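Undergrad: Quick one: the structure is below, questions incoming.
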Amino acid sequence: MLRQALLAASRSVGARRIVNTAPFGRDVVRRFIAGETIDDARRVTEELTAEGLLVSLDVLGEDVQGARQAARTTAQYVELLEGLGAAGLGTRAEVSLKLTAVGQPVDDALALENARLVCSAARSASTTVTVDLEGFSTVRSTLLTVQELRRDFPETGAVVQSYLRRAEEVCAELAFEGSRVRLCKGAYAAPESVAFTDRAEVDKSFVRCMKVLMAGKGYPMLATHDPRLIDIAGALAVLNGRDADTFEYQMLYGIRPQEQLRLAGQGSQVRVYVAYGAEWYAYFMRRLAERPSNLGFLLRSVATRA
């Protein structure tokens, strides 16, 4: 119930206004969001990579309303990537791209064209792009776009959400040599006919998907903060004879930072998902929905500022 309420709030103009104007709002958001500018993103990237971590940067600007807005977001990605390349950060930081930010709501062909521009800029910066998976209604379109991108940019990463009932099947299709696949639980609302709604079932699906990816020939990117799932991932790496550089853990910026450093200190590849930009509200609320215990942090902040 709480998760559904938070997802509903992510679409509420009134709730957004409250978070934007509340005295505590921006202080809380800074725990999860790097800032609003490219300079903010670069600063956080430099801090994290100096600690031995990898980074995936997300320019927040989903659900564009037209081709011009999609072009602006695309240009922001290109500018970000040019900066990463110039700073020599391309080997440590990639970008995560939401197709809804570069034209998918307008036209799939437009999103593909803009995504190609981002992938080309990433290659010039010696880095890669992972195409995020979003709401269940866009899954097929997004995976088809990734397939097209991989014709020219085979290093492009795909995403699978374990809360979707077909997740294990999709993982099997993507677990081939050279295929980069991020596995996450998923933070979007979906009907029970296509998605697991029970948390335990989502976790079980995550484990089944990990087994497929870790036994495959691709490069798994395991996005979870759950200690149990992290332990299982480590065991699967041993079982399948995987070296530390053949897969990675991924965690959100601001969530379990000490665990990120602990894993990296053990020699694991750990990538931190860092979002930035003015359009941070929907992302922030979905992060709370994905891990409702984060709501306690917000409530404690309200109490101390009141």
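By order in the structure tokens, chains are A, B, ...; within a chain, residues start at 1; ligands start at 1, following the order shown.
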Write out as a list in words all residues of region 43-185 of chain A that DSSP puts in strand (DSSP E or B) for this structure's backbone.

TA: Leu54, Val55, Ser56, Leu57, Asp58, Val59, Ala93, Glu94, Val95, Ser96, Leu97, Val129, Thr130, Val131, Gly157, Ala158, Val159, Val160, Gln161, Leu164, Arg180, Val181, Arg182, Leu183 and Cys184 of chain A

Undergrad: For Gln147 (chain A), find every residue with an atom within 12 Å (counting only C-alpha atoms), except residues of its own chain fewer than 4 positions away, and show them as a list in words.

TA: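 Result of the neighbour search: Leu112, Arg116, Val131, Arg140, Ser141, Thr142, Leu143, Arg151, Asp152, Phe153, Pro154, Glu155, Thr156, Gly157, Ala158, Val159, Glu173, Leu174 and Ser179 of chain A.
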
Undergrad: Filtering to C-alpha atoms, could you give me those residues as a tab-separated table (two decimals), in the first residue's frame?

TA:
```tsv
chain	number	residue	atom	x	y	z
A	112	LEU	CA	16.30	5.81	-31.65
A	116	ARG	CA	22.31	7.01	-31.49
A	131	VAL	CA	19.28	2.17	-21.76
A	140	ARG	CA	8.89	-4.10	-25.80
A	141	SER	CA	9.66	-0.83	-27.57
A	142	THR	CA	12.70	-0.19	-25.39
A	143	LEU	CA	14.20	-3.65	-25.87
A	151	ARG	CA	23.95	-3.11	-34.38
A	152	ASP	CA	26.34	-0.14	-34.38
A	153	PHE	CA	27.05	0.08	-30.64
A	154	PRO	CA	27.22	-3.50	-29.33
A	155	GLU	CA	28.46	-2.22	-25.96
A	156	THR	CA	25.04	-0.63	-25.23
A	157	GLY	CA	23.61	-1.97	-21.99
A	158	ALA	CA	20.09	-3.34	-21.54
A	159	VAL	CA	17.97	-3.46	-18.39
A	173	GLU	CA	17.75	-14.03	-24.38
A	174	LEU	CA	20.27	-11.38	-23.35
A	179	SER	CA	25.98	-8.32	-23.67
```

Undergrad: Rank A:Cys171, A:Val55, A:Ala115, A:Val160 by their smallest atom-to-atom distance to Gly186 (chain A), using only C-alpha atoms, and report the top residue only.

TA: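 Answer, going by the shortest atom-to-atom distance: A:Val160.
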
Undergrad: Between CA of Pro220 (chain A) and CA of Phe247 (chain A), what distance in Å does the model show, to one decimal?

TA: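 Pair CA of Pro220 (chain A) / CA of Phe247 (chain A) returns 5.0 Å.
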
Undergrad: Identify which of the residues A:Ala101, A:Met251, A:Ala121, A:Leu89 lies closest to Leu263 (chain A), counting only C-alpha atoms when measuring atom-to-atom distances.

TA: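 Smallest distance to Leu263 (chain A) is found for A:Met251.
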
Undergrad: Enter the distance from CA of Gly85 (chain A) to CA of Thr127 (chain A), in Å, rounded to one decimal.

TA: 8.2 Å

Undergrad: Just checking: using only C-alpha atoms, which residue out of A:Gly241, A:Gly61, A:Gly178, A:Gly52 ends up closest to Gly277 (chain A)?

TA: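 Ranking A:Gly241, A:Gly61, A:Gly178, A:Gly52 by distance to Gly277 (chain A), first place goes to A:Gly61.
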
Undergrad: Report as a list in words all protein, DNA and RNA residues lying within 9 Å of Ile38 (chain A), evaluated on only C-alpha atoms, omitting residues in the same chain fewer than 5 positions from it.

TA: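 My reading of the contact set: Arg43, Val59, Gln76, Glu79, Leu80, Gly83, Tyr276 and Gly277 of chain A.
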
Undergrad: Using the selection just defined, write its residues with C-alpha atoms as a tab-separated table (two decimals), in the first residue's frame.

TA:
```tsv
chain	number	residue	atom	x	y	z
A	43	ARG	CA	31.88	16.91	-9.02
A	59	VAL	CA	20.12	13.21	-16.78
A	76	GLN	CA	22.54	17.69	-22.42
A	79	GLU	CA	27.55	17.86	-23.39
A	80	LEU	CA	27.87	15.68	-20.30
A	83	GLY	CA	32.92	16.75	-20.39
A	276	TYR	CA	21.02	14.92	-11.58
A	277	GLY	CA	18.91	17.63	-13.19
```

Undergrad: From the options A:Lys98, A:Ala223, A:Leu229, A:Ala195, which residue's atoms come nearest to Val272 (chain A), counting only C-alpha atoms?

TA: A:Ala223
